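The file input_16.txt comes next; it holds compact mmCIF, C-alpha atoms.
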```txt
# COMPACT_ATOMS: atom_id res chain seq x y z
CA MET A 73 0.00 0.00 0.00
CA ASN A 74 2.83 2.40 0.75
CA ASN A 75 4.32 1.89 -2.70
CA LEU A 76 0.95 2.33 -4.38
CA PHE A 77 0.33 5.48 -2.39
CA LYS A 78 3.73 6.87 -3.29
CA GLY A 79 3.20 6.17 -6.99
CA THR A 80 -0.21 7.77 -6.99
CA LEU A 81 1.18 10.81 -5.19
CA LEU A 82 4.03 11.14 -7.67
CA ILE A 83 1.66 11.00 -10.67
CA PHE A 84 -0.60 13.59 -9.06
CA SER A 85 2.36 15.92 -8.32
CA ALA A 86 3.63 15.71 -11.87
CA PHE A 87 0.16 16.49 -13.21
CA VAL A 88 -0.11 19.54 -10.99
CA PHE A 89 3.43 20.76 -11.87
CA PHE A 90 3.17 20.44 -15.65
CA GLY A 91 -0.37 21.74 -15.62
CA CYS A 92 0.80 24.87 -13.82
CA GLU A 93 3.68 25.34 -16.27
CA ALA A 94 1.26 25.08 -19.16
CA LYS A 95 -1.04 27.52 -17.51
CA ASN A 96 1.80 29.96 -16.88
CA GLU A 97 3.03 29.63 -20.48
CA ASN A 98 -0.45 30.35 -21.81
CA SER A 99 -0.72 33.30 -19.45
CA GLU A 100 2.50 34.72 -20.79
CA LYS A 101 1.28 34.28 -24.35
CA LEU A 102 -1.96 35.99 -23.53
CA SER A 103 -0.07 38.78 -21.78
CA PHE A 104 2.20 39.49 -24.76
CA ALA A 105 -0.65 39.18 -27.21
CA SER A 106 -2.55 41.86 -25.39
CA ARG A 107 0.22 44.47 -25.81
CA PRO A 108 0.15 46.92 -28.76
CA PRO A 109 2.62 46.19 -31.62
CA ILE A 110 5.98 48.03 -31.66
CA PHE A 111 7.01 49.68 -34.93
CA MET A 112 10.77 50.15 -35.40
CA LYS A 113 12.31 52.40 -38.09
CA ALA A 114 15.46 51.11 -39.72
CA ARG A 115 18.56 53.26 -39.04
CA GLU A 116 19.31 55.50 -42.01
CA VAL A 117 22.80 54.99 -43.39
CA GLU A 118 24.30 57.74 -45.49
CA PRO A 119 25.35 56.46 -48.89
CA TYR A 120 29.11 56.14 -49.31
CA ASN A 121 30.51 59.08 -51.26
CA PRO A 122 33.63 57.93 -53.09
CA VAL A 123 34.66 61.51 -53.99
CA THR A 124 36.45 64.07 -51.83
CA GLU A 125 37.23 67.67 -52.79
CA ILE A 126 40.31 69.69 -51.87
CA LYS A 127 40.28 73.44 -52.49
CA LEU A 128 43.58 75.31 -52.72
CA SER A 129 43.83 79.12 -52.67
CA PHE A 130 46.89 81.01 -53.90
CA ILE A 131 47.73 84.63 -53.21
CA GLY A 132 50.71 86.48 -54.64
CA ASP A 133 53.69 88.43 -53.39
CA CYS A 134 53.20 89.36 -49.74
CA THR A 135 55.83 91.78 -48.49
CA LEU A 136 54.86 92.18 -44.85
CA ALA A 137 57.72 94.60 -44.32
CA THR A 138 59.27 97.87 -45.45
CA GLN A 139 62.48 98.84 -47.20
CA LEU A 140 65.34 98.59 -44.70
CA GLY A 141 62.84 98.10 -41.87
CA ASP A 142 61.59 101.70 -42.03
CA ASN A 143 58.63 102.28 -39.67
CA SER A 144 57.83 105.92 -40.42
CA ILE A 145 54.16 106.98 -40.70
CA GLY A 146 52.35 105.32 -43.60
CA THR A 147 54.80 102.46 -44.12
CA PHE A 148 53.78 98.85 -43.73
CA ASN A 149 55.82 98.52 -40.55
CA TRP A 150 54.02 101.55 -39.10
CA TYR A 151 50.64 99.95 -39.97
CA ALA A 152 51.76 96.71 -38.31
CA GLU A 153 52.58 98.62 -35.14
CA ASN A 154 49.28 100.53 -35.08
CA TYR A 155 46.71 98.09 -36.51
CA ASP A 156 45.56 94.66 -35.38
CA LYS A 157 47.18 91.74 -37.17
CA GLU A 158 43.74 90.78 -38.56
CA TYR A 159 43.52 94.08 -40.46
CA PHE A 160 45.72 93.16 -43.42
CA PHE A 161 43.84 90.05 -44.65
CA GLU A 162 40.44 91.05 -43.29
CA LYS A 163 38.87 91.36 -46.75
CA VAL A 164 40.26 88.08 -48.04
CA TYR A 165 39.44 86.07 -44.93
CA PRO A 166 35.97 85.00 -46.20
CA TYR A 167 37.72 83.25 -49.09
CA THR A 168 40.73 81.81 -47.25
CA SER A 169 38.53 80.49 -44.45
CA ASN A 170 36.33 78.68 -46.98
CA ASP A 171 39.06 76.54 -48.51
CA ASP A 172 41.27 73.71 -47.35
CA PHE A 173 44.69 75.33 -47.75
CA THR A 174 45.86 78.87 -48.58
CA ILE A 175 49.37 79.35 -49.96
CA ALA A 176 51.15 82.73 -50.11
CA ASN A 177 54.53 84.05 -51.17
CA CYS A 178 56.45 85.55 -48.22
CA GLU A 179 58.80 88.04 -49.84
CA ASN A 180 60.58 89.60 -46.90
CA VAL A 181 62.75 88.85 -43.89
CA PHE A 182 61.31 88.61 -40.36
CA THR A 183 63.90 89.58 -37.78
CA ASP A 184 64.15 91.56 -34.56
CA TYR A 185 67.69 92.67 -35.28
CA ALA A 186 69.27 95.38 -37.43
CA LEU A 187 71.15 92.91 -39.58
CA PRO A 188 73.59 94.01 -42.30
CA GLU A 189 72.16 94.04 -45.82
CA ALA A 190 73.35 91.48 -48.33
CA TYR A 191 75.39 92.77 -51.26
CA LYS A 192 73.29 92.71 -54.43
CA GLY A 193 75.49 94.36 -57.06
CA TYR A 194 72.70 96.17 -58.92
CA TRP A 195 70.59 99.28 -58.54
CA PRO A 196 67.89 99.99 -57.58
CA ALA A 197 67.97 97.31 -54.91
CA PHE A 198 65.59 96.61 -52.05
CA TRP A 199 65.96 94.93 -48.66
CA PHE A 200 62.68 94.21 -46.88
CA ARG A 201 62.47 93.40 -43.19
CA SER A 202 60.04 93.68 -40.28
CA PRO A 203 59.79 92.35 -36.70
CA SER A 204 59.33 88.61 -36.29
CA ARG A 205 55.86 89.07 -34.71
CA ASN A 206 54.53 90.09 -38.15
CA ALA A 207 54.65 86.46 -39.26
CA GLU A 208 51.43 86.10 -37.26
CA ILE A 209 49.67 88.24 -39.89
CA PHE A 210 49.64 85.22 -42.19
CA SER A 211 47.88 82.95 -39.71
CA ALA A 212 45.45 85.76 -38.81
CA GLY A 213 44.45 85.71 -42.49
CA ASN A 214 44.03 81.92 -42.46
CA VAL A 215 47.15 81.30 -44.55
CA GLU A 216 48.50 77.79 -43.89
CA VAL A 217 51.62 77.75 -46.07
CA VAL A 218 54.15 80.34 -47.22
CA THR A 219 56.96 79.96 -49.71
CA VAL A 220 60.29 81.57 -48.93
CA ALA A 221 61.75 80.64 -52.33
CA ASN A 222 62.23 84.10 -53.81
CA ASN A 223 64.81 86.83 -54.45
CA HIS A 224 64.30 88.49 -51.05
CA THR A 225 64.93 85.38 -49.00
CA PHE A 226 68.56 86.37 -48.44
CA ASP A 227 68.13 90.16 -48.18
CA TYR A 228 69.93 89.94 -44.84
CA ASN A 229 72.19 87.01 -45.59
CA GLU A 230 72.03 83.61 -43.89
CA GLU A 231 71.12 85.09 -40.52
CA GLY A 232 68.11 86.82 -42.03
CA ILE A 233 66.61 83.68 -43.56
CA ASN A 234 67.26 81.74 -40.36
CA ASP A 235 65.39 84.38 -38.34
CA THR A 236 62.57 84.30 -40.89
CA ILE A 237 62.15 80.54 -40.63
CA LYS A 238 62.21 80.72 -36.84
CA ALA A 239 59.49 83.39 -36.92
CA ILE A 240 57.30 81.31 -39.25
CA GLU A 241 57.79 78.11 -37.28
CA SER A 242 56.80 79.90 -34.07
CA VAL A 243 53.30 80.51 -35.48
CA ASP A 244 50.84 77.66 -34.86
CA GLY A 245 49.36 76.26 -38.06
CA LEU A 246 51.81 78.03 -40.38
CA GLU A 247 54.11 75.91 -42.56
CA TRP A 248 56.81 76.95 -45.02
CA GLY A 249 58.30 75.58 -48.18
CA GLY A 250 61.53 76.47 -49.95
CA THR A 251 64.09 75.45 -52.50
CA ASP A 252 65.11 72.46 -50.40
CA LYS A 253 61.92 71.80 -48.44
CA ASP A 254 58.73 70.24 -49.81
CA VAL A 255 55.35 70.58 -48.12
CA ILE A 256 52.83 67.73 -48.01
CA LEU A 257 49.18 68.70 -47.57
CA GLU A 258 46.70 65.98 -46.64
CA LYS A 259 42.93 65.64 -46.47
CA ASP A 260 40.79 62.46 -46.36
CA GLY A 261 43.88 60.38 -47.04
CA VAL A 262 44.75 62.29 -50.22
CA LYS A 263 48.26 63.79 -50.22
CA ILE A 264 49.30 66.86 -52.21
CA GLY A 265 52.99 67.57 -52.70
CA LEU A 266 53.72 71.31 -52.84
CA ILE A 267 57.01 72.34 -54.46
CA CYS A 268 58.21 75.89 -53.82
CA ASP A 269 61.22 76.98 -55.86
CA THR A 270 62.81 79.72 -57.94
CA MET A 271 63.02 79.52 -61.73
CA TRP A 272 64.98 82.28 -63.44
CA GLY A 273 65.47 80.49 -66.74
CA GLU A 274 64.51 77.33 -68.58
CA TRP A 275 67.80 75.75 -67.47
CA GLU A 276 66.39 75.55 -63.92
CA VAL A 277 63.44 73.38 -64.87
CA ASP A 278 65.35 70.13 -64.30
CA LYS A 279 65.78 70.70 -60.55
CA ILE A 280 62.01 71.12 -60.17
CA ILE A 281 61.30 68.04 -62.29
CA GLU A 282 63.58 66.06 -59.95
CA ARG A 283 61.46 67.20 -57.03
CA ILE A 284 58.26 66.23 -58.86
CA ASP A 285 59.67 62.75 -59.55
CA ARG A 286 60.66 62.34 -55.91
CA LEU A 287 57.28 63.44 -54.55
CA GLU A 288 55.37 61.17 -56.93
CA LYS A 289 56.43 58.27 -54.76
CA SER A 290 54.74 59.62 -51.63
CA THR A 291 51.96 61.97 -52.82
CA ASP A 292 48.94 61.70 -55.09
CA ILE A 293 49.39 64.97 -57.00
CA GLN A 294 52.16 67.56 -57.26
CA VAL A 295 51.73 71.35 -57.31
CA VAL A 296 54.47 73.84 -58.23
CA TYR A 297 54.61 77.42 -56.91
CA PHE A 298 57.64 79.05 -58.54
CA HIS A 299 59.26 82.48 -58.42
CA GLY A 300 60.80 83.94 -61.57
CA GLY A 301 60.48 85.95 -64.74
CA GLU A 302 60.76 89.61 -65.69
CA GLU A 303 59.23 92.24 -63.44
CA ALA A 304 56.39 94.52 -64.62
CA TYR A 305 55.62 92.53 -67.80
CA HIS A 306 52.03 91.40 -68.35
CA THR A 307 53.06 88.90 -71.01
CA GLU A 308 54.85 85.72 -70.04
CA GLU A 309 58.25 85.14 -71.60
CA TYR A 310 58.78 82.40 -74.15
CA TRP A 311 61.27 80.54 -71.95
CA LYS A 312 58.83 80.53 -69.05
CA VAL A 313 56.09 79.05 -71.23
CA GLN A 314 58.41 76.28 -72.38
CA ALA A 315 59.59 75.60 -68.84
CA CYS A 316 56.05 75.36 -67.46
CA HIS A 317 55.07 73.04 -70.30
CA GLU A 318 57.98 70.79 -69.32
CA LEU A 319 56.77 70.79 -65.72
CA ALA A 320 53.27 69.81 -66.84
CA LYS A 321 54.64 66.98 -68.97
CA ALA A 322 56.74 65.83 -66.01
CA GLY A 323 53.63 65.38 -63.87
CA ALA A 324 52.84 68.73 -62.23
CA ASP A 325 49.07 69.00 -61.75
CA LEU A 326 48.99 72.77 -61.14
CA ILE A 327 51.60 75.50 -61.72
CA VAL A 328 51.50 79.00 -60.23
CA GLY A 329 54.13 81.68 -60.81
CA ALA A 330 55.12 84.84 -58.95
CA HIS A 331 57.75 87.63 -59.04
CA PRO A 332 56.73 90.02 -61.89
CA HIS A 333 54.56 91.98 -59.37
CA VAL A 334 51.81 92.18 -62.00
CA LEU A 335 49.31 89.68 -63.36
CA GLN A 336 50.03 87.42 -66.31
CA PRO A 337 47.31 85.26 -67.92
CA LEU A 338 46.18 81.70 -67.29
CA GLU A 339 46.86 78.87 -69.71
CA THR A 340 45.62 75.29 -69.79
CA TYR A 341 48.20 72.87 -71.16
CA ARG A 342 47.50 69.13 -71.31
CA GLY A 343 44.71 69.68 -68.81
CA VAL A 344 47.03 71.45 -66.36
CA HIS A 345 46.26 75.03 -65.32
CA ILE A 346 49.23 77.41 -65.41
CA VAL A 347 49.10 80.90 -63.88
CA TYR A 348 52.24 82.57 -65.17
CA SER A 349 52.14 85.41 -62.65
CA ILE A 350 49.70 85.87 -59.78
CA GLY A 351 50.90 89.43 -59.07
CA ASN A 352 51.22 91.28 -55.77
CA PHE A 353 48.87 90.82 -52.86
CA CYS A 354 49.56 92.42 -49.48
CA PHE A 355 52.56 94.38 -50.67
CA GLY A 356 54.53 96.63 -48.35
CA GLY A 357 57.28 97.36 -50.85
CA ASN A 358 55.58 100.13 -52.80
CA THR A 359 53.31 103.10 -52.09
CA TYR A 360 51.52 102.76 -55.45
CA PRO A 361 51.74 99.16 -56.70
CA GLU A 362 49.68 98.19 -59.73
CA ASN A 363 46.22 97.88 -58.24
CA ARG A 364 44.97 94.64 -59.78
CA THR A 365 45.47 91.13 -58.47
CA ILE A 366 43.55 87.89 -57.88
CA VAL A 367 42.94 85.09 -55.47
CA TYR A 368 43.40 81.97 -57.53
CA GLN A 369 41.53 78.88 -56.38
CA GLU A 370 41.61 75.35 -57.72
CA THR A 371 39.32 72.63 -56.45
CA PHE A 372 40.48 69.07 -57.10
CA SER A 373 38.02 66.19 -56.90
CA PHE A 374 39.53 62.82 -55.99
CA ASN A 375 38.28 59.28 -55.84
CA LYS A 376 38.89 58.35 -52.19
CA ASP A 377 39.66 54.74 -53.02
CA THR A 378 42.07 55.21 -55.93
CA LYS A 379 43.33 58.72 -54.95
CA LYS A 380 43.02 59.68 -58.63
CA ILE A 381 41.77 63.05 -59.88
CA VAL A 382 38.24 62.80 -61.23
CA GLY A 383 37.68 66.53 -61.76
CA ARG A 384 39.16 69.98 -61.31
CA GLN A 385 37.75 73.48 -61.37
CA GLU A 386 39.56 76.83 -61.25
CA ASN A 387 38.13 80.03 -59.82
CA ILE A 388 39.52 83.54 -60.31
CA ILE A 389 38.50 86.16 -57.74
CA PRO A 390 39.54 89.69 -58.83
CA PHE A 391 41.06 91.80 -56.06
CA TYR A 392 42.44 95.27 -55.51
CA VAL A 393 45.94 95.32 -54.02
CA PHE A 394 44.87 98.32 -51.92
CA THR A 395 41.69 100.31 -51.36
CA GLY A 396 42.92 103.68 -50.08
CA ASP A 397 44.17 106.70 -52.02
CA ILE A 398 47.60 105.16 -51.60
CA ASN A 399 48.63 101.70 -50.47
CA ASN A 400 46.81 100.86 -47.24
CA PHE A 401 48.08 97.24 -47.32
CA GLN A 402 44.58 95.75 -47.25
CA PRO A 403 43.67 93.87 -50.44
CA ALA A 404 39.93 93.73 -51.12
CA PRO A 405 37.65 92.04 -53.67
CA ILE A 406 36.70 94.15 -56.67
CA ASP A 407 33.00 94.88 -56.33
CA ASP A 408 32.74 96.88 -59.56
CA GLU A 409 31.45 94.34 -62.09
CA PHE A 410 33.03 96.10 -65.07
CA ILE A 411 36.50 96.22 -63.49
CA ALA A 412 36.16 92.65 -62.20
CA LYS A 413 35.31 91.51 -65.73
CA GLN A 414 38.37 93.30 -67.06
CA VAL A 415 40.52 91.24 -64.73
CA THR A 416 38.90 87.88 -65.52
CA ASP A 417 38.90 88.62 -69.28
CA PHE A 418 42.61 89.38 -69.06
CA MET A 419 43.35 86.22 -67.11
CA TYR A 420 41.42 84.10 -69.64
CA ARG A 421 43.09 85.90 -72.59
CA LYS A 422 39.85 87.47 -73.78
CA SER A 423 41.43 90.89 -73.43
CA GLY A 424 44.98 92.16 -73.60
CA SER A 425 44.48 94.92 -71.03
CA LEU A 426 43.72 95.12 -67.34
CA PHE A 427 42.64 98.77 -67.49
```

Would you give me this structure, written as structure tokens?
Amino acid sequence: MNNLFKGTLLIFSAFVFFGCEAKNENSEKLSFASRPPIFMKAREVEPYNPVTEIKLSFIGDCTLATQLGDNSIGTFNWYAENYDKEYFFEKVYPYTSNDDFTIANCENVFTDYALPEAYKGYWPAFWFRSPSRNAEIFSAGNVEVVTVANNHTFDYNEEGINDTIKAIESVDGLEWGGTDKDVILEKDGVKIGLICDTMWGEWEVDKIIERIDRLEKSTDIQVVYFHGGEEAYHTEEYWKVQACHELAKAGADLIVGAHPHVLQPLETYRGVHIVYSIGNFCFGGNTYPENRTIVYQETFSFNKDTKKIVGRQENIIPFYVFTGDINNFQPAPIDDEFIAKQVTDFMYRKSGSLF
């Protein structure tokens, strides 16, 4: 009887246990079924854009100094002592702050010492210097790179260029390039090799081609910003045309020239844009410089995966070198449509005159 009782009790317990589990399971099902449905929106994923754009801005000869360091009233050095550093590039800032990199030509010596002038052996001759703090004017104008490859680099001998480089390197976000120093600009994994050099004759083209060849191994495109040619001529010399064509054939993807202190037109050769002279910009070396210049911009479109150029677009922004009765060292965009058109027509060879 005890065994029979135990068996019956075990069967009864199992029935109660599994019956309760079934009841609880059904209860859960009923409970979930009674809740309102939940609607979930799939997370939106932005489509992959394989193209990245890099916009470069170039401005011309910037002499942020005065002949022999003169700081008398009305000189650049006097303005630098009496105006905020933002003053000089205030009118160009909307353009330089809307690009990726701005490159300028630094055509003076920054030093805090009365250094002896270098012997030049010709006349008239000019030696431009200003205090080292004036290097900050570039960064205040959103300039990221300056070239010191020009004929005023050694106005005050080796000590002068050393002081200049120290002044530039002391400014956060300001880089420099020269005859023996390349600059690599990078965005979204794309690398641009910037070559800054002098070119006084076609015989000097080989040294720049060597730099292009070297940079091709580590950068995706190569840009040349050179200093050379005859001053005050609006027409590019034959040798300079031939030299720039050689640079384009060697792989340069953009070529910009400086030194003549006036504008020379744009040419497109084998798909490469060449600006033979970009003219003056913020120019402390003259009370009445020729009052026409440009901001030259080129936007490169790259395939992010292959790092190859898939498009390019140039933009010419006409500027005055100064806006006062005499040089006030504050370049400004030309708002007169007729004058602005004169400048763009000249740059695109639709007109032979700027005035």

Next item on the list: Write out as a ChimeraX atom specification the residues lying within 12 Å of region 183-197 of chain A, counting all atoms listed in the file and excluding same-chain residues fewer than 2 positions away.
Entry: /A:136-137,139-142,180-181,199-207,223-240,357

Notebook entry, point to check: Of the candidates A:Cys268, A:Ile350, A:Val277, A:Cys178, which shows the shortest atom-to-atom distance to Leu246 (chain A), using all atoms listed in the file?
Noted result: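 Among A:Cys268, A:Ile350, A:Val277, A:Cys178, it is A:Cys178 that comes nearest to Leu246 (chain A).
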
Check: Mind pulling up the distance from CA of Gly146 (chain A) to CA of Ser129 (chain A)?
Finding: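 If I compute the distance from CA of Ser129 (chain A) to CA of Gly146 (chain A), I get 29.0 Å.
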
Next item on the list: Mind checking which residues fall within 8 Å of Tyr420 (chain A), counting all atoms listed in the file, ignoring those fewer than 4 positions away in the same chain, and posting them as a list in words?
Entry: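 Counting only the stated atoms, we get Pro337, Leu338, Glu339 and Thr416 of chain A.
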
Item checked: Distance criterion (only C-alpha atoms): nearest to Lys413 (chain A) out of A:Ser425, A:Ser290, A:Ser211, A:Asn400 -> A:Ser425
